[in-house]
file coords.txt (compact mmCIF, C-alpha atoms)
# COMPACT_ATOMS: atom_id res chain seq x y z
CA SER T 1 6.65 -3.24 17.93
CA GLN T 2 5.93 -1.72 14.56
CA GLU T 3 8.68 -2.04 11.90
CA LEU T 4 7.65 1.24 10.37
CA GLU T 5 6.50 4.16 12.50
CA GLN T 6 4.77 7.17 11.05
CA SER T 7 4.27 10.45 12.82
CA PRO T 8 2.12 12.26 13.47
CA GLN T 9 -0.93 10.01 13.31
CA SER T 10 -3.07 12.94 12.27
CA LEU T 11 -2.50 16.52 11.33
CA ILE T 12 -4.79 19.50 10.85
CA VAL T 13 -3.26 22.51 9.13
CA GLN T 14 -4.50 25.80 7.79
CA GLU T 15 -4.44 26.17 4.03
CA GLY T 16 -1.17 27.69 2.90
CA LYS T 17 0.89 26.28 5.78
CA ASN T 18 3.81 23.91 5.41
CA LEU T 19 3.88 20.52 7.06
CA THR T 20 6.13 17.49 7.51
CA ILE T 21 5.31 13.82 7.99
CA ASN T 22 7.96 11.40 9.19
CA CYS T 23 8.46 7.70 8.63
CA THR T 24 11.07 5.76 10.64
CA SER T 25 12.14 2.19 10.08
CA SER T 26 13.51 -0.16 12.73
CA LYS T 27 15.41 -2.11 10.05
CA THR T 28 17.74 -1.18 7.21
CA LEU T 29 15.76 0.05 4.26
CA TYR T 30 16.12 -1.12 0.68
CA GLY T 31 13.58 1.40 -0.56
CA LEU T 32 10.98 3.75 0.84
CA TYR T 33 7.72 4.54 -0.92
CA TRP T 34 5.19 7.27 -0.27
CA TYR T 35 1.53 6.93 -1.17
CA LYS T 36 -1.56 9.06 -0.74
CA GLN T 37 -4.99 7.58 -0.13
CA LYS T 38 -8.37 9.23 -0.14
CA TYR T 39 -10.66 7.58 2.40
CA GLY T 40 -11.88 4.22 1.12
CA GLU T 41 -10.09 4.58 -2.20
CA GLY T 42 -6.94 3.18 -3.74
CA LEU T 43 -3.37 4.21 -3.04
CA ILE T 44 -1.79 6.79 -5.34
CA PHE T 45 1.97 6.44 -5.80
CA LEU T 46 3.83 9.64 -4.96
CA MET T 47 7.53 8.89 -4.78
CA MET T 48 10.14 6.20 -4.27
CA LEU T 49 13.47 6.76 -2.55
CA GLN T 50 16.33 4.29 -2.57
CA LYS T 51 19.59 6.03 -1.97
CA GLY T 52 20.67 7.72 1.22
CA GLY T 53 20.35 11.46 0.94
CA GLU T 54 18.04 11.13 -2.02
CA GLU T 55 15.44 13.84 -2.40
CA LYS T 56 12.55 13.91 -4.83
CA SER T 57 9.83 16.44 -5.53
CA HIS T 58 6.45 16.29 -7.16
CA GLU T 59 4.59 19.57 -7.43
CA LYS T 60 4.60 20.92 -3.85
CA ILE T 61 5.53 17.64 -2.19
CA THR T 62 9.16 16.80 -1.38
CA ALA T 63 10.44 13.59 0.16
CA LYS T 64 13.91 12.88 1.56
CA LEU T 65 15.64 9.75 2.74
CA ASP T 66 18.08 9.86 5.63
CA GLU T 67 20.01 6.60 5.39
CA LYS T 68 21.80 6.98 8.73
CA LYS T 69 18.55 7.40 10.63
CA GLN T 70 16.61 5.01 8.38
CA GLN T 71 14.05 7.74 8.19
CA SER T 72 12.13 9.54 5.48
CA SER T 73 10.30 12.82 5.66
CA LEU T 74 7.54 14.09 3.42
CA HIS T 75 7.20 17.84 3.26
CA ILE T 76 4.27 19.71 1.76
CA THR T 77 4.75 23.37 0.98
CA ALA T 78 1.82 25.80 0.97
CA SER T 79 -0.78 23.12 1.66
CA GLN T 80 -4.06 23.10 -0.23
CA PRO T 81 -7.38 21.32 0.42
CA SER T 82 -6.44 18.93 -2.41
CA HIS T 83 -3.56 17.66 -0.25
CA ALA T 84 -5.99 16.26 2.31
CA GLY T 85 -6.01 12.49 2.70
CA ILE T 86 -4.04 9.69 4.31
CA TYR T 87 -0.32 9.53 3.63
CA LEU T 88 1.24 6.11 3.87
CA CYS T 89 4.89 5.17 3.78
CA GLY T 90 5.84 1.69 2.64
CA ALA T 91 9.21 0.05 3.16
CA ALA T 92 11.01 -2.54 1.11
CA TYR T 93 13.65 -4.45 3.03
CA TYR T 94 16.65 -6.50 2.01
CA GLY T 95 16.09 -10.23 1.81
CA GLY T 96 14.64 -10.86 -1.61
CA SER T 97 14.91 -9.73 -5.19
CA GLN T 98 11.67 -7.88 -4.91
CA GLY T 99 9.65 -8.31 -1.79
CA ASN T 100 6.43 -6.97 -0.44
CA LEU T 101 6.06 -3.54 1.11
CA ILE T 102 5.49 -3.12 4.83
CA PHE T 103 3.33 -0.10 5.57
CA GLY T 104 3.11 2.35 8.41
CA LYS T 105 -0.25 3.11 10.01
CA GLY T 106 -0.60 6.29 7.99
CA THR T 107 -0.93 10.00 8.70
CA LYS T 108 -4.35 11.55 8.24
CA LEU T 109 -4.00 15.09 6.91
CA SER T 110 -6.81 17.63 7.00
CA VAL T 111 -6.38 21.05 5.42
CA LYS T 112 -8.68 23.82 6.63
CA PRO T 113 -9.64 26.36 3.96
CA ASP L 1 -6.65 4.54 -13.94
CA SER L 2 -3.57 2.98 -12.31
CA GLY L 3 -3.43 0.06 -14.71
CA VAL L 4 -4.23 -2.47 -11.98
CA THR L 5 -7.82 -3.67 -12.24
CA GLN L 6 -9.73 -5.16 -9.34
CA THR L 7 -13.19 -6.66 -9.43
CA PRO L 8 -15.69 -6.46 -7.95
CA LYS L 9 -15.52 -3.01 -6.34
CA HIS L 10 -18.02 -3.93 -3.64
CA LEU L 11 -19.11 -7.25 -2.22
CA ILE L 12 -21.65 -7.97 0.49
CA THR L 13 -21.96 -11.52 1.70
CA ALA L 14 -23.06 -13.52 4.71
CA THR L 15 -20.92 -15.18 7.34
CA GLY L 16 -19.76 -18.65 6.38
CA GLN L 17 -19.76 -17.90 2.69
CA ARG L 18 -16.89 -17.96 0.18
CA VAL L 19 -15.93 -15.18 -2.23
CA THR L 20 -13.32 -14.66 -4.94
CA LEU L 21 -11.62 -11.36 -5.60
CA ARG L 22 -9.93 -10.81 -8.92
CA CYS L 23 -6.94 -8.72 -9.92
CA SER L 24 -5.36 -7.94 -13.28
CA PRO L 25 -1.87 -6.47 -12.89
CA ARG L 26 -0.44 -3.59 -14.89
CA SER L 27 0.76 -4.71 -18.30
CA GLY L 28 4.27 -6.14 -18.05
CA ASP L 29 4.31 -6.53 -14.26
CA LEU L 30 5.06 -10.06 -13.10
CA SER L 31 4.55 -9.60 -9.36
CA VAL L 32 1.16 -9.40 -7.71
CA TYR L 33 0.61 -8.58 -4.05
CA TRP L 34 -2.55 -8.80 -1.97
CA TYR L 35 -3.18 -6.53 1.00
CA GLN L 36 -5.96 -6.20 3.52
CA GLN L 37 -6.82 -2.80 4.99
CA SER L 38 -8.96 -2.47 8.06
CA LEU L 39 -9.43 0.48 10.39
CA ASP L 40 -7.67 -1.10 13.34
CA GLN L 41 -4.88 -3.02 11.57
CA GLY L 42 -3.95 -0.66 8.78
CA LEU L 43 -2.60 -2.06 5.53
CA GLN L 44 -1.47 -5.65 6.04
CA PHE L 45 0.43 -7.72 3.50
CA LEU L 46 -1.25 -11.06 2.74
CA ILE L 47 0.60 -12.81 -0.08
CA GLN L 48 2.81 -12.24 -3.12
CA TYR L 49 2.99 -14.09 -6.41
CA TYR L 50 5.68 -13.77 -9.03
CA ASN L 51 5.09 -15.13 -12.52
CA GLY L 52 2.65 -17.74 -11.28
CA GLU L 53 4.56 -18.86 -8.20
CA GLU L 54 4.01 -17.96 -4.58
CA ARG L 55 6.90 -15.76 -3.47
CA ALA L 56 6.06 -14.57 0.04
CA LYS L 57 3.37 -14.95 2.66
CA GLY L 58 2.34 -12.44 5.26
CA ASN L 59 -0.51 -12.41 7.72
CA ILE L 60 -2.78 -14.56 5.60
CA LEU L 61 -5.32 -16.76 7.34
CA GLU L 62 -5.62 -20.44 6.45
CA ARG L 63 -9.17 -19.72 5.27
CA PHE L 64 -7.70 -17.48 2.60
CA SER L 65 -5.85 -18.64 -0.50
CA ALA L 66 -4.63 -17.10 -3.71
CA GLN L 67 -3.23 -18.03 -7.07
CA GLN L 68 -1.76 -16.38 -10.12
CA PHE L 69 -2.69 -17.70 -13.53
CA PRO L 70 -0.58 -18.00 -16.72
CA ASP L 71 -2.03 -14.74 -18.03
CA LEU L 72 -0.75 -13.18 -14.73
CA HIS L 73 -4.12 -12.24 -13.32
CA SER L 74 -4.60 -13.27 -9.72
CA GLU L 75 -7.48 -14.36 -7.54
CA LEU L 76 -7.83 -14.18 -3.78
CA ASN L 77 -10.26 -16.71 -2.33
CA LEU L 78 -11.78 -16.05 1.07
CA SER L 79 -13.79 -18.83 2.67
CA SER L 80 -15.79 -19.44 5.87
CA LEU L 81 -16.13 -15.70 6.10
CA GLU L 82 -16.41 -14.02 9.48
CA LEU L 83 -17.57 -10.53 10.40
CA GLY L 84 -13.97 -9.58 11.10
CA ASP L 85 -13.01 -10.25 7.49
CA SER L 86 -14.88 -7.11 6.45
CA ALA L 87 -12.20 -4.84 5.01
CA LEU L 88 -10.77 -3.27 1.89
CA TYR L 89 -8.71 -5.73 -0.12
CA PHE L 90 -6.08 -4.29 -2.40
CA CYS L 91 -4.07 -5.84 -5.13
CA ALA L 92 -0.79 -4.29 -6.27
CA SER L 93 1.66 -5.12 -9.00
CA SER L 94 5.26 -4.09 -9.42
CA ALA L 95 7.77 -3.54 -12.15
CA PRO L 96 11.39 -4.62 -11.77
CA LEU L 97 13.35 -2.55 -9.28
CA GLY L 98 15.14 0.43 -10.75
CA THR L 99 12.42 1.37 -13.20
CA GLY L 100 11.08 3.94 -10.76
CA TYR L 101 7.46 2.93 -11.09
CA GLY L 102 7.12 1.52 -7.62
CA TYR L 103 4.24 -0.65 -6.63
CA THR L 104 0.95 0.20 -8.33
CA PHE L 105 -2.26 -0.39 -6.43
CA GLY L 106 -5.71 -1.14 -7.71
CA SER L 107 -8.76 0.71 -6.41
CA GLY L 108 -9.64 -2.15 -4.08
CA THR L 109 -12.57 -4.41 -3.30
CA ARG L 110 -14.66 -3.46 -0.30
CA LEU L 111 -15.88 -6.64 1.37
CA THR L 112 -18.71 -6.45 3.86
CA VAL L 113 -19.61 -9.62 5.77
CA VAL L 114 -23.02 -9.50 7.43
call {"tool": "encode", "arguments": {"input": "coords.txt", "output": "structure tokens"}}
result
Amino acid sequence: SQELEQSPQSLIVQEGKNLTINCTSSKTLYGLYWYKQKYGEGLIFLMMLQKGGEEKSHEKITAKLDEKKQQSSLHITASQPSHAGIYLCGAAYYGGSQGNLIFGKGTKLSVKP
Amino acid sequence: DSGVTQTPKHLITATGQRVTLRCSPRSGDLSVYWYQQSLDQGLQFLIQYYNGEERAKGNILERFSAQQFPDLHSELNLSSLELGDSALYFCASSAPLGTGYGYTFGSGTRLTVV
């Protein structure tokens, strides 16, 4: 089974609507990272969360970390066509001073004008 | 520009051939990670180097190898290429934990094996 599950797999929203993407880990998280990727391009770093209950915002994107559930949610307010792309969560786990990130399968977001 | 440089951007080669992908990490980052992204497998971790030494291995095939040089740039060597090796290959580098910069990815090398 996948260590990191993202949901939904894809999402189509009308411009201006809010949306939430979830990322759930089957193991205890050391850190949780959110990235955005345009098809076929590189990953753009959005936010990193490390502490339970931590919440960070960047423009209209907010991410939270629920330590008890080992889950993070990414919320976009008043979506715009520029938000379209693939959102990936990456998890760092305990077991090394700085290990590799394990990624979820991604959520493909389309925003209809 | 993320600060992580990958070359070449595109590579088309025939089955059975060998190619080398190059990565220059962001200035000051000691760790380099290689990932493979394909449509069916998603983003898969291949290998990590830290200051010239191999630190962790993921789903890397025996036909693949990597190294990190004293100037911290890294190369990923792919040999006896098969059609299934066609994918996007990403390099990432990271700053020490706590600096808040996360893992920075390059723009990738798209490998097509024909």
call {"tool": "closest_residue", "arguments": {"input": "coords.txt", "among": "T:Gly40, T:Ser25, T:Ser79, T:Ser110", "to": "Leu111 in chain L", "atoms": "only C-alpha atoms"}}
result
T:Gly40
call {"tool": "closest_residue", "arguments": {"input": "coords.txt", "among": "T:Lys56, T:Lys36, T:Lys51, T:Lys105", "to": "chain L", "atoms": "all atoms listed in the file"}}
result
T:Lys105
call {"tool": "interface_residues", "arguments": {"input": "coords.txt", "of": "chain L", "to": "chain T", "cutoff": "9 Å", "atoms": "only C-alpha atoms", "output": "ChimeraX atom specification"}}
result
/L:2,31,33,41-45,47-48,55-56,58,88,90,94,96-97,100-108,110
call {"tool": "residues_around", "arguments": {"input": "coords.txt", "residues": "Lys112 in chain T", "least_positions_apart": "6", "cutoff": "8 Å", "atoms": "all atoms listed in the file", "output": "list in words"}}
result
Ile12, Val13, Gln14, Glu15 and Pro81 of chain T
call {"tool": "residues_around", "arguments": {"input": "coords.txt", "residues": "Ala78 in chain T", "least_positions_apart": "4", "cutoff": "7 Å", "atoms": "only C-alpha atoms", "output": "JSON, numbers by chain"}}
result
{"T": [15, 16, 17, 18]}
call {"tool": "atom_distance", "arguments": {"input": "coords.txt", "atom1": "CA of Thr107 in chain T", "atom2": "CA of Ala63 in chain T"}}
result
14.7 Å
call {"tool": "residues_around", "arguments": {"input": "coords.txt", "residues": "Cys23 in chain L", "least_positions_apart": "3", "cutoff": "7 Å", "atoms": "only C-alpha atoms", "output": "JSON, numbers by chain"}}
result
{"L": [5, 6, 7, 73, 74, 75, 91]}
call {"tool": "atom_distance", "arguments": {"input": "coords.txt", "atom1": "CA of Thr20 in chain T", "atom2": "CA of Lys68 in chain T"}}
result
18.9 Å
call {"tool": "residues_around", "arguments": {"input": "coords.txt", "residues": "Ser26 in chain T", "least_positions_apart": "4", "cutoff": "9 Å", "atoms": "all atoms listed in the file", "output": "list of chain:residue names"}}
result
T:Gln2, T:Glu3, T:Leu4, T:Glu5, T:Gln70
call {"tool": "atom_distance", "arguments": {"input": "coords.txt", "atom1": "CA of Gln71 in chain T", "atom2": "CA of Gln37 in chain L"}}
result
23.6 Å
call {"tool": "closest_residue", "arguments": {"input": "coords.txt", "among": "L:Leu39, L:Val113, L:Leu72, L:Val32", "to": "Ala95 in chain L", "atoms": "only C-alpha atoms"}}
result
L:Val32
call {"tool": "closest_residue", "arguments": {"input": "coords.txt", "among": "T:Ala91, T:Lys108, T:Tyr39, T:Lys27", "to": "Pro8 in chain T", "atoms": "all atoms listed in the file"}}
result
T:Lys108
call {"tool": "closest_residue", "arguments": {"input": "coords.txt", "among": "T:Ala84, T:Leu65, T:Cys23, T:Leu29", "to": "Gln6 in chain T", "atoms": "only C-alpha atoms"}}
result
T:Cys23
call {"tool": "closest_residue", "arguments": {"input": "coords.txt", "among": "L:Asp71, L:Glu53, L:Asp85, L:Asp1", "to": "Gln36 in chain L", "atoms": "all atoms listed in the file"}}
result
L:Asp85
call {"tool": "residues_near_point", "arguments": {"input": "coords.txt", "point": "(-22.8, -12.3, 2.3)", "cutoff": "8 Å", "atoms": "all atoms listed in the file", "output": "VMD selection string"}}
result
chain L and resid 11 to 15 17 112 to 114
call {"tool": "decode", "arguments": {"input": "coords.txt", "residues": "range 27-52 of chain L", "atoms": "N, CA, C and O atoms", "output": "compact mmCIF listing (two decimals), in the first residue's frame"}}
result
# COMPACT_ATOMS: atom_id res chain seq x y z
N SER L 27 23.42 26.60 -4.58
CA SER L 27 24.63 26.97 -3.87
C SER L 27 24.47 26.74 -2.36
O SER L 27 23.51 27.20 -1.75
N GLY L 28 25.40 26.02 -1.79
CA GLY L 28 25.38 25.77 -0.35
C GLY L 28 24.70 24.48 0.06
O GLY L 28 24.88 24.02 1.19
N ASP L 29 23.92 23.87 -0.84
CA ASP L 29 23.24 22.62 -0.50
C ASP L 29 24.21 21.45 -0.67
O ASP L 29 24.87 21.33 -1.69
N LEU L 30 24.25 20.57 0.32
CA LEU L 30 25.17 19.44 0.27
C LEU L 30 24.50 18.15 -0.21
O LEU L 30 25.15 17.23 -0.67
N SER L 31 23.19 18.09 -0.05
CA SER L 31 22.45 16.88 -0.45
C SER L 31 21.89 17.01 -1.85
O SER L 31 21.34 18.04 -2.22
N VAL L 32 22.01 15.92 -2.60
CA VAL L 32 21.42 15.84 -3.93
C VAL L 32 20.58 14.57 -4.00
O VAL L 32 21.00 13.52 -3.51
N TYR L 33 19.41 14.69 -4.57
CA TYR L 33 18.48 13.57 -4.70
C TYR L 33 18.11 13.41 -6.17
O TYR L 33 17.91 14.41 -6.87
N TRP L 34 17.97 12.18 -6.60
CA TRP L 34 17.48 11.92 -7.96
C TRP L 34 16.13 11.22 -7.88
O TRP L 34 15.94 10.29 -7.09
N TYR L 35 15.22 11.69 -8.73
CA TYR L 35 13.88 11.12 -8.80
C TYR L 35 13.53 10.81 -10.25
O TYR L 35 13.99 11.48 -11.17
N GLN L 36 12.69 9.80 -10.42
CA GLN L 36 12.17 9.46 -11.73
C GLN L 36 10.66 9.66 -11.69
O GLN L 36 10.00 9.22 -10.75
N GLN L 37 10.12 10.34 -12.70
CA GLN L 37 8.67 10.54 -12.75
C GLN L 37 8.11 9.98 -14.04
O GLN L 37 8.48 10.41 -15.13
N SER L 38 7.26 9.00 -13.90
CA SER L 38 6.57 8.46 -15.07
C SER L 38 5.07 8.53 -14.80
O SER L 38 4.65 8.69 -13.65
N LEU L 39 4.29 8.41 -15.86
CA LEU L 39 2.84 8.58 -15.73
C LEU L 39 2.23 7.55 -14.79
O LEU L 39 1.36 7.86 -13.99
N ASP L 40 2.70 6.31 -14.89
CA ASP L 40 2.07 5.25 -14.10
C ASP L 40 2.63 5.12 -12.68
O ASP L 40 1.93 4.69 -11.77
N GLN L 41 3.88 5.50 -12.47
CA GLN L 41 4.52 5.31 -11.16
C GLN L 41 4.59 6.58 -10.32
O GLN L 41 4.92 6.52 -9.15
N GLY L 42 4.31 7.72 -10.91
CA GLY L 42 4.45 8.94 -10.14
C GLY L 42 5.91 9.28 -9.92
O GLY L 42 6.79 8.84 -10.66
N LEU L 43 6.17 10.04 -8.87
CA LEU L 43 7.53 10.50 -8.58
C LEU L 43 8.21 9.51 -7.64
O LEU L 43 7.82 9.36 -6.49
N GLN L 44 9.23 8.83 -8.16
CA GLN L 44 9.89 7.78 -7.40
C GLN L 44 11.32 8.19 -7.04
O GLN L 44 12.09 8.61 -7.91
N PHE L 45 11.67 8.02 -5.79
CA PHE L 45 13.00 8.34 -5.31
C PHE L 45 13.98 7.29 -5.81
O PHE L 45 13.74 6.09 -5.71
N LEU L 46 15.11 7.74 -6.36
CA LEU L 46 16.13 6.82 -6.86
C LEU L 46 17.31 6.72 -5.90
O LEU L 46 17.65 5.63 -5.42
N ILE L 47 17.96 7.86 -5.62
CA ILE L 47 19.18 7.81 -4.82
C ILE L 47 19.49 9.19 -4.26
O ILE L 47 19.09 10.20 -4.83
N GLN L 48 20.17 9.21 -3.10
CA GLN L 48 20.57 10.45 -2.46
C GLN L 48 22.07 10.44 -2.21
O GLN L 48 22.63 9.42 -1.78
N TYR L 49 22.70 11.58 -2.42
CA TYR L 49 24.09 11.78 -2.06
C TYR L 49 24.20 12.96 -1.11
O TYR L 49 23.43 13.92 -1.21
N TYR L 50 25.12 12.84 -0.17
CA TYR L 50 25.38 13.93 0.77
C TYR L 50 26.87 14.17 0.80
O TYR L 50 27.64 13.30 1.19
N ASN L 51 27.27 15.32 0.36
CA ASN L 51 28.68 15.74 0.39
C ASN L 51 29.61 14.67 -0.20
O ASN L 51 30.64 14.35 0.37
N GLY L 52 29.18 14.12 -1.32
CA GLY L 52 30.02 13.18 -2.04
C GLY L 52 29.79 11.71 -1.71
O GLY L 52 30.30 10.83 -2.40
